[in-house]
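Chemist: Input structure: start-v2.txt, which contains compact mmCIF, C-alpha atoms.
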# COMPACT_ATOMS: atom_id res chain seq x y z
CA MET A 1 -150.23 42.98 -29.47
CA VAL A 2 -149.14 39.32 -29.45
CA LYS A 3 -148.67 37.51 -32.73
CA ALA A 4 -147.93 33.81 -32.30
CA VAL A 5 -146.83 31.54 -35.14
CA VAL A 6 -146.89 27.75 -35.36
CA LEU A 7 -144.46 26.26 -37.88
CA GLY A 8 -145.63 22.73 -38.64
CA ALA A 9 -149.22 23.59 -37.78
CA ALA A 10 -150.90 20.74 -39.68
CA GLY A 11 -149.05 17.92 -37.90
CA GLY A 12 -149.91 15.76 -34.92
CA ILE A 13 -148.57 18.29 -32.41
CA GLY A 14 -149.22 21.36 -34.55
CA GLN A 15 -153.01 20.98 -34.79
CA PRO A 16 -153.84 20.63 -31.07
CA LEU A 17 -151.18 23.26 -30.24
CA SER A 18 -152.82 25.66 -32.73
CA LEU A 19 -156.21 24.95 -31.14
CA LEU A 20 -154.90 25.83 -27.67
CA LEU A 21 -153.26 29.03 -28.93
CA LYS A 22 -156.43 30.04 -30.82
CA ALA A 23 -158.43 29.65 -27.61
CA CYS A 24 -155.88 31.58 -25.52
CA PRO A 25 -157.11 35.11 -24.62
CA LEU A 26 -153.50 36.39 -24.53
CA VAL A 27 -153.03 35.84 -28.29
CA ASP A 28 -154.24 38.60 -30.65
CA GLU A 29 -153.07 37.08 -33.92
CA LEU A 30 -152.19 33.50 -34.84
CA SER A 31 -150.40 32.48 -38.03
CA LEU A 32 -150.14 28.86 -39.10
CA TYR A 33 -147.56 27.49 -41.53
CA ASP A 34 -146.94 24.03 -42.94
CA VAL A 35 -146.02 22.41 -46.24
CA VAL A 36 -149.44 20.69 -46.47
CA ASN A 37 -153.03 21.06 -45.20
CA THR A 38 -152.69 24.48 -43.56
CA PRO A 39 -155.73 26.01 -45.31
CA GLY A 40 -158.02 23.31 -43.91
CA VAL A 41 -156.70 23.57 -40.36
CA THR A 42 -156.95 27.37 -40.53
CA ALA A 43 -160.53 27.31 -41.85
CA ASP A 44 -161.57 24.89 -39.11
CA LEU A 45 -160.00 26.93 -36.29
CA SER A 46 -161.28 30.22 -37.71
CA HIS A 47 -164.81 29.26 -36.63
CA ILE A 48 -163.86 29.36 -32.95
CA SER A 49 -165.21 32.44 -31.14
CA SER A 50 -162.00 33.67 -29.54
CA ILE A 51 -159.91 36.85 -29.76
CA ALA A 52 -157.11 35.61 -32.01
CA LYS A 53 -157.38 36.47 -35.71
CA ILE A 54 -156.06 33.49 -37.64
CA THR A 55 -154.26 33.16 -40.99
CA GLY A 56 -152.69 30.11 -42.62
CA TYR A 57 -149.96 29.67 -45.23
CA LEU A 58 -148.31 27.03 -47.37
CA SER A 59 -144.76 27.36 -48.70
CA PRO A 60 -145.54 28.82 -52.19
CA ASP A 61 -145.88 32.61 -52.62
CA ASP A 62 -143.56 33.48 -49.73
CA GLY A 63 -145.82 31.69 -47.26
CA LEU A 64 -143.14 31.38 -44.59
CA LYS A 65 -142.28 35.07 -44.83
CA LYS A 66 -145.95 36.10 -44.59
CA ALA A 67 -146.53 33.83 -41.58
CA LEU A 68 -143.48 35.12 -39.69
CA THR A 69 -143.64 38.86 -40.40
CA GLY A 70 -144.48 40.74 -37.18
CA ALA A 71 -144.27 37.64 -34.95
CA ASN A 72 -143.41 37.88 -31.24
CA VAL A 73 -143.52 34.14 -30.47
CA VAL A 74 -142.71 31.30 -32.88
CA VAL A 75 -143.34 27.69 -31.86
CA ILE A 76 -141.73 24.98 -34.00
CA PRO A 77 -143.27 21.50 -33.82
CA ALA A 78 -142.38 20.83 -37.50
CA GLY A 79 -140.76 17.60 -38.63
CA ILE A 80 -141.59 13.93 -38.57
CA PRO A 81 -142.59 12.09 -35.39
CA ARG A 82 -140.67 9.15 -33.99
CA LYS A 83 -141.89 5.77 -35.21
CA PRO A 84 -141.37 2.40 -33.47
CA GLY A 85 -137.77 1.22 -33.73
CA MET A 86 -136.61 4.67 -34.77
CA THR A 87 -133.72 6.18 -32.84
CA ARG A 88 -133.38 9.91 -32.22
CA ASP A 89 -130.45 9.72 -34.65
CA ASP A 90 -132.77 8.56 -37.43
CA LEU A 91 -135.04 11.46 -36.54
CA PHE A 92 -132.12 13.85 -36.56
CA LYS A 93 -131.26 13.24 -40.21
CA ILE A 94 -134.69 14.48 -41.31
CA ASN A 95 -135.66 17.06 -38.71
CA ALA A 96 -132.28 18.85 -38.58
CA GLY A 97 -132.70 20.21 -42.11
CA ILE A 98 -136.31 21.22 -41.49
CA VAL A 99 -135.43 23.19 -38.34
CA ARG A 100 -132.41 24.84 -39.98
CA ASP A 101 -134.50 26.15 -42.89
CA LEU A 102 -137.36 27.39 -40.69
CA VAL A 103 -135.00 29.21 -38.32
CA GLN A 104 -133.33 30.83 -41.33
CA GLY A 105 -136.80 32.22 -42.11
CA ILE A 106 -137.06 33.56 -38.54
CA ALA A 107 -133.61 35.21 -38.82
CA GLU A 108 -134.76 36.97 -42.00
CA ASN A 109 -138.32 37.95 -41.01
CA CYS A 110 -138.72 38.21 -37.22
CA PRO A 111 -135.27 37.95 -35.58
CA LYS A 112 -136.50 39.44 -32.30
CA ALA A 113 -139.22 36.81 -31.79
CA PHE A 114 -139.04 34.26 -29.00
CA ILE A 115 -138.27 30.88 -30.61
CA LEU A 116 -139.68 27.75 -28.95
CA VAL A 117 -138.27 24.54 -30.42
CA ILE A 118 -140.34 21.35 -30.03
CA SER A 119 -138.97 19.46 -33.06
CA ASN A 120 -136.97 16.45 -31.89
CA PRO A 121 -134.24 15.70 -31.08
CA VAL A 122 -134.37 18.94 -29.05
CA ASN A 123 -130.88 18.31 -27.60
CA SER A 124 -129.53 18.84 -31.15
CA THR A 125 -132.16 21.03 -32.86
CA VAL A 126 -131.74 23.91 -30.37
CA PRO A 127 -127.97 24.13 -31.08
CA ILE A 128 -128.86 24.07 -34.81
CA ALA A 129 -131.24 27.00 -34.31
CA ALA A 130 -128.58 28.89 -32.33
CA GLU A 131 -125.91 28.38 -34.99
CA VAL A 132 -128.27 29.56 -37.75
CA MET A 133 -129.11 32.70 -35.77
CA LYS A 134 -125.40 33.29 -34.99
CA LYS A 135 -124.49 33.00 -38.68
CA ALA A 136 -127.14 35.61 -39.47
CA GLY A 137 -125.80 37.88 -36.69
CA LYS A 138 -129.21 37.78 -34.96
CA PHE A 139 -128.66 35.40 -32.04
CA ASP A 140 -130.15 36.38 -28.68
CA PRO A 141 -129.76 33.46 -26.22
CA LYS A 142 -132.56 34.83 -24.04
CA ARG A 143 -135.01 34.34 -26.91
CA LEU A 144 -134.25 30.72 -27.86
CA PHE A 145 -135.76 27.83 -25.90
CA GLY A 146 -135.96 24.08 -26.24
CA VAL A 147 -139.34 23.03 -24.90
CA THR A 148 -138.71 20.38 -22.23
CA THR A 149 -141.99 21.06 -20.42
CA LEU A 150 -143.40 17.61 -21.26
CA ASP A 151 -140.76 16.05 -18.99
CA VAL A 152 -141.93 18.35 -16.18
CA VAL A 153 -145.59 17.54 -16.90
CA ARG A 154 -144.83 13.80 -16.84
CA ALA A 155 -142.93 14.10 -13.56
CA GLU A 156 -145.87 15.98 -11.99
CA THR A 157 -148.37 13.44 -13.32
CA PHE A 158 -146.53 10.19 -12.58
CA VAL A 159 -145.64 11.15 -9.00
CA GLN A 160 -149.35 11.68 -8.34
CA ASP A 161 -149.81 7.87 -8.23
CA ILE A 162 -147.58 7.92 -5.14
CA THR A 163 -148.66 11.18 -3.45
CA GLY A 164 -152.37 11.01 -4.23
CA GLU A 165 -152.35 14.82 -4.82
CA LYS A 166 -155.67 15.73 -6.46
CA ASP A 167 -154.13 18.31 -8.84
CA PRO A 168 -150.74 17.05 -10.05
CA SER A 169 -149.73 20.48 -11.39
CA LYS A 170 -149.65 21.78 -7.79
CA THR A 171 -146.48 19.73 -7.17
CA VAL A 172 -143.46 21.57 -8.60
CA ILE A 173 -140.70 19.19 -9.71
CA PRO A 174 -137.57 20.61 -11.35
CA VAL A 175 -136.42 18.57 -14.35
CA ILE A 176 -132.94 19.46 -15.61
CA GLY A 177 -130.61 18.30 -18.40
CA GLY A 178 -131.90 17.59 -21.89
CA HIS A 179 -135.00 16.17 -23.53
CA SER A 180 -134.37 12.52 -24.35
CA GLY A 181 -133.91 9.35 -22.35
CA GLU A 182 -131.08 9.49 -19.86
CA THR A 183 -130.39 13.18 -20.51
CA ILE A 184 -133.65 13.90 -18.63
CA VAL A 185 -132.97 14.30 -14.89
CA PRO A 186 -136.08 14.73 -12.69
CA LEU A 187 -135.16 16.10 -9.26
CA PHE A 188 -137.77 14.54 -7.00
CA SER A 189 -135.62 15.36 -3.95
CA LEU A 190 -136.30 19.07 -4.63
CA ALA A 191 -140.05 18.75 -5.18
CA LYS A 192 -142.25 21.44 -3.63
CA PRO A 193 -144.19 20.54 -1.58
CA LYS A 194 -141.82 17.73 -0.56
CA VAL A 195 -142.77 14.25 -1.78
CA ASN A 196 -141.89 11.02 -0.03
CA ILE A 197 -141.17 8.36 -2.62
CA PRO A 198 -140.52 4.82 -1.31
CA ALA A 199 -137.00 3.66 -2.26
CA ASP A 200 -138.29 0.75 -4.36
CA LYS A 201 -140.47 3.09 -6.45
CA LEU A 202 -137.91 5.82 -7.22
CA ALA A 203 -135.89 4.13 -10.01
CA PRO A 204 -139.00 2.98 -11.97
CA LEU A 205 -140.51 6.47 -11.57
CA ILE A 206 -137.37 8.18 -12.94
CA LYS A 207 -137.21 5.72 -15.83
CA ARG A 208 -140.86 6.35 -16.65
CA VAL A 209 -140.27 10.12 -16.84
CA GLN A 210 -137.16 9.59 -18.99
CA PHE A 211 -138.80 7.14 -21.40
CA GLY A 212 -142.45 8.22 -21.22
CA GLY A 213 -142.43 8.89 -24.96
CA ASP A 214 -141.79 5.20 -25.69
CA GLU A 215 -144.88 4.32 -23.65
CA VAL A 216 -147.05 6.41 -25.96
CA VAL A 217 -145.37 5.23 -29.21
CA GLU A 218 -146.03 1.60 -28.17
CA ALA A 219 -149.61 2.28 -27.04
CA LYS A 220 -150.38 3.93 -30.39
CA GLY A 221 -149.05 0.84 -32.14
CA GLY A 222 -146.75 2.79 -34.41
CA ALA A 223 -149.49 5.18 -35.52
CA GLY A 224 -147.94 8.17 -33.77
CA SER A 225 -145.98 9.51 -30.82
CA ALA A 226 -146.78 11.80 -27.88
CA THR A 227 -148.61 14.54 -29.76
CA LEU A 228 -151.50 15.65 -27.53
CA SER A 229 -149.50 15.78 -24.29
CA MET A 230 -146.67 17.52 -26.17
CA ALA A 231 -149.11 20.10 -27.56
CA TYR A 232 -150.37 20.74 -24.02
CA ALA A 233 -146.80 21.10 -22.72
CA GLY A 234 -145.81 23.34 -25.64
CA PHE A 235 -148.81 25.56 -25.01
CA ARG A 236 -148.09 25.72 -21.28
CA PHE A 237 -144.57 26.96 -21.99
CA ALA A 238 -145.69 29.38 -24.75
CA GLU A 239 -148.32 30.85 -22.42
CA LYS A 240 -145.65 31.47 -19.74
CA ILE A 241 -143.41 33.19 -22.31
CA ILE A 242 -146.34 35.43 -23.38
CA LYS A 243 -147.11 36.26 -19.74
CA ALA A 244 -143.43 37.15 -19.16
CA MET A 245 -143.50 39.30 -22.33
CA LYS A 246 -146.45 41.16 -20.85
CA GLY A 247 -144.45 41.91 -17.71
CA GLU A 248 -145.46 39.15 -15.29
CA LYS A 249 -142.64 38.36 -12.84
CA GLY A 250 -141.68 35.27 -10.84
CA ILE A 251 -142.23 32.73 -13.63
CA VAL A 252 -139.87 29.76 -13.28
CA GLU A 253 -139.97 26.97 -15.86
CA PRO A 254 -137.15 24.61 -16.83
CA THR A 255 -136.19 24.92 -20.52
CA TYR A 256 -133.23 23.90 -22.66
CA VAL A 257 -131.11 26.99 -23.34
CA TYR A 258 -127.67 28.24 -24.43
CA LEU A 259 -126.17 28.69 -20.98
CA PRO A 260 -123.40 31.24 -21.68
CA GLY A 261 -126.03 33.73 -22.84
CA VAL A 262 -128.36 33.44 -19.83
CA ASN A 263 -127.88 35.16 -16.45
CA GLY A 264 -126.21 32.66 -14.13
CA GLY A 265 -125.81 30.17 -16.97
CA ASP A 266 -122.04 30.40 -17.19
CA VAL A 267 -121.74 28.91 -13.67
CA VAL A 268 -123.94 25.94 -14.64
CA ALA A 269 -122.00 25.52 -17.91
CA LYS A 270 -118.69 25.51 -16.05
CA GLU A 271 -119.88 22.91 -13.54
CA ASN A 272 -121.31 20.62 -16.22
CA GLY A 273 -118.96 21.21 -19.12
CA VAL A 274 -121.85 21.70 -21.59
CA ASP A 275 -123.11 24.90 -23.22
CA TYR A 276 -126.72 23.72 -23.66
CA PHE A 277 -128.71 22.49 -20.69
CA SER A 278 -132.10 22.82 -19.07
CA PRO A 279 -131.49 24.53 -15.73
CA SER A 280 -134.28 25.60 -13.39
CA GLY A 281 -135.45 28.88 -14.93
CA ALA A 282 -134.80 30.60 -18.26
CA GLU A 283 -134.52 34.35 -17.66
CA LYS A 284 -132.06 33.46 -14.93
CA ALA A 285 -130.44 30.01 -14.71
CA ASN A 286 -130.95 28.96 -11.10
CA ASN A 287 -127.96 26.80 -10.17
CA ILE A 288 -129.44 24.02 -8.04
CA LEU A 289 -126.74 21.45 -8.83
CA SER A 290 -125.25 21.65 -5.33
CA GLU A 291 -128.65 20.62 -3.89
CA LEU A 292 -128.84 17.28 -5.76
CA ASP A 293 -128.78 14.06 -3.76
CA ASP A 294 -126.20 11.34 -4.55
CA ASN A 295 -128.52 9.41 -6.86
CA GLU A 296 -129.34 12.57 -8.85
CA LYS A 297 -125.64 13.43 -9.15
CA GLU A 298 -125.07 10.02 -10.78
CA LEU A 299 -127.99 10.63 -13.15
CA LEU A 300 -126.50 14.03 -14.02
CA GLU A 301 -123.14 12.48 -14.96
CA VAL A 302 -124.84 10.14 -17.43
CA CYS A 303 -126.94 13.04 -18.73
CA VAL A 304 -123.95 15.28 -19.45
CA LYS A 305 -122.10 12.54 -21.37
CA GLY A 306 -125.11 12.09 -23.65
CA LEU A 307 -125.70 15.81 -24.05
CA LYS A 308 -122.14 16.56 -25.21
CA GLY A 309 -122.53 14.34 -28.27
CA ASN A 310 -126.02 15.63 -29.06
CA ILE A 311 -124.88 19.26 -28.92
CA GLU A 312 -121.78 18.68 -31.07
CA LYS A 313 -123.95 16.92 -33.63
CA GLY A 314 -126.27 19.92 -33.95
CA VAL A 315 -123.46 22.47 -34.19
CA ASP A 316 -121.60 20.32 -36.74
CA PHE A 317 -124.73 19.97 -38.90
CA VAL A 318 -124.83 23.71 -39.53
CA HIS A 319 -121.09 24.13 -40.13
CA ASN A 320 -120.59 20.94 -42.17
CA PRO A 321 -123.97 20.22 -43.77
CA PRO A 322 -124.37 16.74 -45.28
CA PRO A 323 -124.35 16.66 -49.10
CA LYS A 324 -127.81 16.97 -50.58
Could you take the file, read its structure, and then write that structure out as structure tokens?
Modeler:
Amino acid sequence: MVKAVVLGAAGGIGQPLSLLLKACPLVDELSLYDVVNTPGVTADLSHISSIAKITGYLSPDDGLKKALTGANVVVIPAGIPRKPGMTRDDLFKINAGIVRDLVQGIAENCPKAFILVISNPVNSTVPIAAEVMKKAGKFDPKRLFGVTTLDVVRAETFVQDITGEKDPSKTVIPVIGGHSGETIVPLFSLAKPKVNIPADKLAPLIKRVQFGGDEVVEAKGGAGSATLSMAYAGFRFAEKIIKAMKGEKGIVEPTYVYLPGVNGGDVVAKENGVDYFSPSGAEKANNILSELDDNEKELLEVCVKGLKGNIEKGVDFVHNPPPK
């Protein structure tokens, strides 16, 4: 019995993500939660002829508790999207408090659920979630993930212009590090099957993967950010987690995790000097750092510098909350 929950279900990512989960035959029950508009989204999706039984809640009358009770998988796209000219720091001030309060609800109502954090900035919101769970004495590092799948999806898609591969998802490209700008490190040298990228095209390709979100924000003229592609990526990762829950083996997907709590993660943490990182694989952190080419090693150095500050910021937010 799989009960999935979407926290922030009425938003730009939440609605298409809820649609994909409702249509997924692996989901038996789907609960939607948001501070506005959940009844309408729930009513609309309830007309779809799929297996999942759907319920929706607002915050009054213990809505969060009702949504989370009995959950196996909780996906969190809640928060505000990035607007033009907005830094991830601006985002942080608002979304940090939202994630903290929702994860507190998870600690109280379904502490054994897999938690998938989409709310940006992921580099900081995942450490916030971890600290909240630690404070509650419920932290299991193998059940907390920052969803970085969109970076992988972008790498697969953008390299297609060079390879001409009909189905971009058939090219596996590890993307390590974090989930913003220069903390995103696509490893095209380790692509399977191997891809030959002309030297003059590599730097623009890496930059496009790192800053693909800006492309969408600009194209939408300030009316939104990458919501549909993020919903697809969030669903792709959630589906893999559900398959793993059901016993499927051999699933490898990069995701941003607390390294010391994951098999093999302590080695990656020691090499990088950061506790949170997206290695290749979540159940076991595959250490592929020795296989990086010289250019990727340089990218990794820049990534780690940025990550350290992002992580500290998230941890500090929980221990020294700003005055209300």
Chemist: For Leu144 of chain A, which residue among A:Asp101, A:Asp200, A:Leu307, A:Val262 is the nearest when counting only C-alpha atoms?
Modeler: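 Between A:Asp101, A:Asp200, A:Leu307, A:Val262, the residue approaching Leu144 of chain A most closely is A:Val262.
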Chemist: Hey, which of A:Val172, A:Val318, A:Ala67, A:Ile54 ends up closest to Pro193 of chain A? Count all atoms listed in the file.
Modeler: A:Val172
Chemist: For Phe92 of chain A, please output as a list in words all residues within 8 Å (counting all atoms listed in the file; exclusion window: fewer than 5 positions along the same chain).
Modeler: Asn120, Pro121 and Ser124 of chain A
Chemist: Name all residues at most 7 Å from Leu32 of chain A (count all atoms listed in the file; drop same-chain ones fewer than 2 positions away) and give them as a list in words.
Modeler: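 Listed by chain and then number, they are Val5, Val6, Leu7, Ala9, Leu30, Asp34, Thr38, Thr55, Gly56, Tyr57 and Ala67 of chain A.
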Chemist: As JSON, please: the centre and edge lengths in Å, to one decimal, of an axis-aligned box enclosing every listed atom of segment 115-118 of chain A with 3 Å added on each side.
Modeler:
{"center_x": -139.3, "center_y": 26.1, "center_z": -29.8, "size_x": 8.1, "size_y": 15.5, "size_z": 7.7}
Chemist: Here is a test: counting only C-alpha atoms, which residue of A:Ile242, A:Val103, A:Ala129, A:Cys303 is nearest to Lys65 of chain A?
Modeler: A:Val103
Chemist: Write out as number ranges by chain the residues lying within 8 Å of Cys24 of chain A, counting only C-alpha atoms and excluding same-chain residues fewer than 4 positions away.
Modeler: A: 20, 50-52
Chemist: Name the closest residue to Ile13 of chain A among the candidates A:Ala226, A:Ala71, A:Leu289, A:Arg100; distances are taken between atoms, counting only C-alpha atoms.
Modeler: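 Using only C-alpha atoms, the shortest distance to Ile13 of chain A belongs to A:Ala226.
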Chemist: Hey, which of A:Leu45, A:Leu19, A:Val153, A:Val147 ends up closest to Gly178 of chain A? Count all atoms listed in the file.
Modeler: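 The answer is A:Val147, which sits nearest to Gly178 of chain A.
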Chemist: Point out the residue among A:Leu202, A:Ile251, A:Ile106, A:Leu228 with the least atom-to-atom distance to Gly14 of chain A, counting all atoms listed in the file.
Modeler: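 Closest to Gly14 of chain A, using all atoms listed in the file: A:Leu228.
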Chemist: Find the residues around Lys249 of chain A up to 12 Å (only C-alpha atoms counted), leave out those fewer than 4 positions away in its own chain, and share them as a list in words.
Modeler: Lys240, Ile241, Ile242, Lys243, Ala244, Met245, Glu283 and Lys284 of chain A
Chemist: What is the distance, in Å and to one decimal place, between atom CA of Tyr256 of chain A and atom CA of Ala113 of chain A?
Modeler: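 Value for the atom CA of Tyr256 of chain A-atom CA of Ala113 of chain A distance: 16.9 Å.
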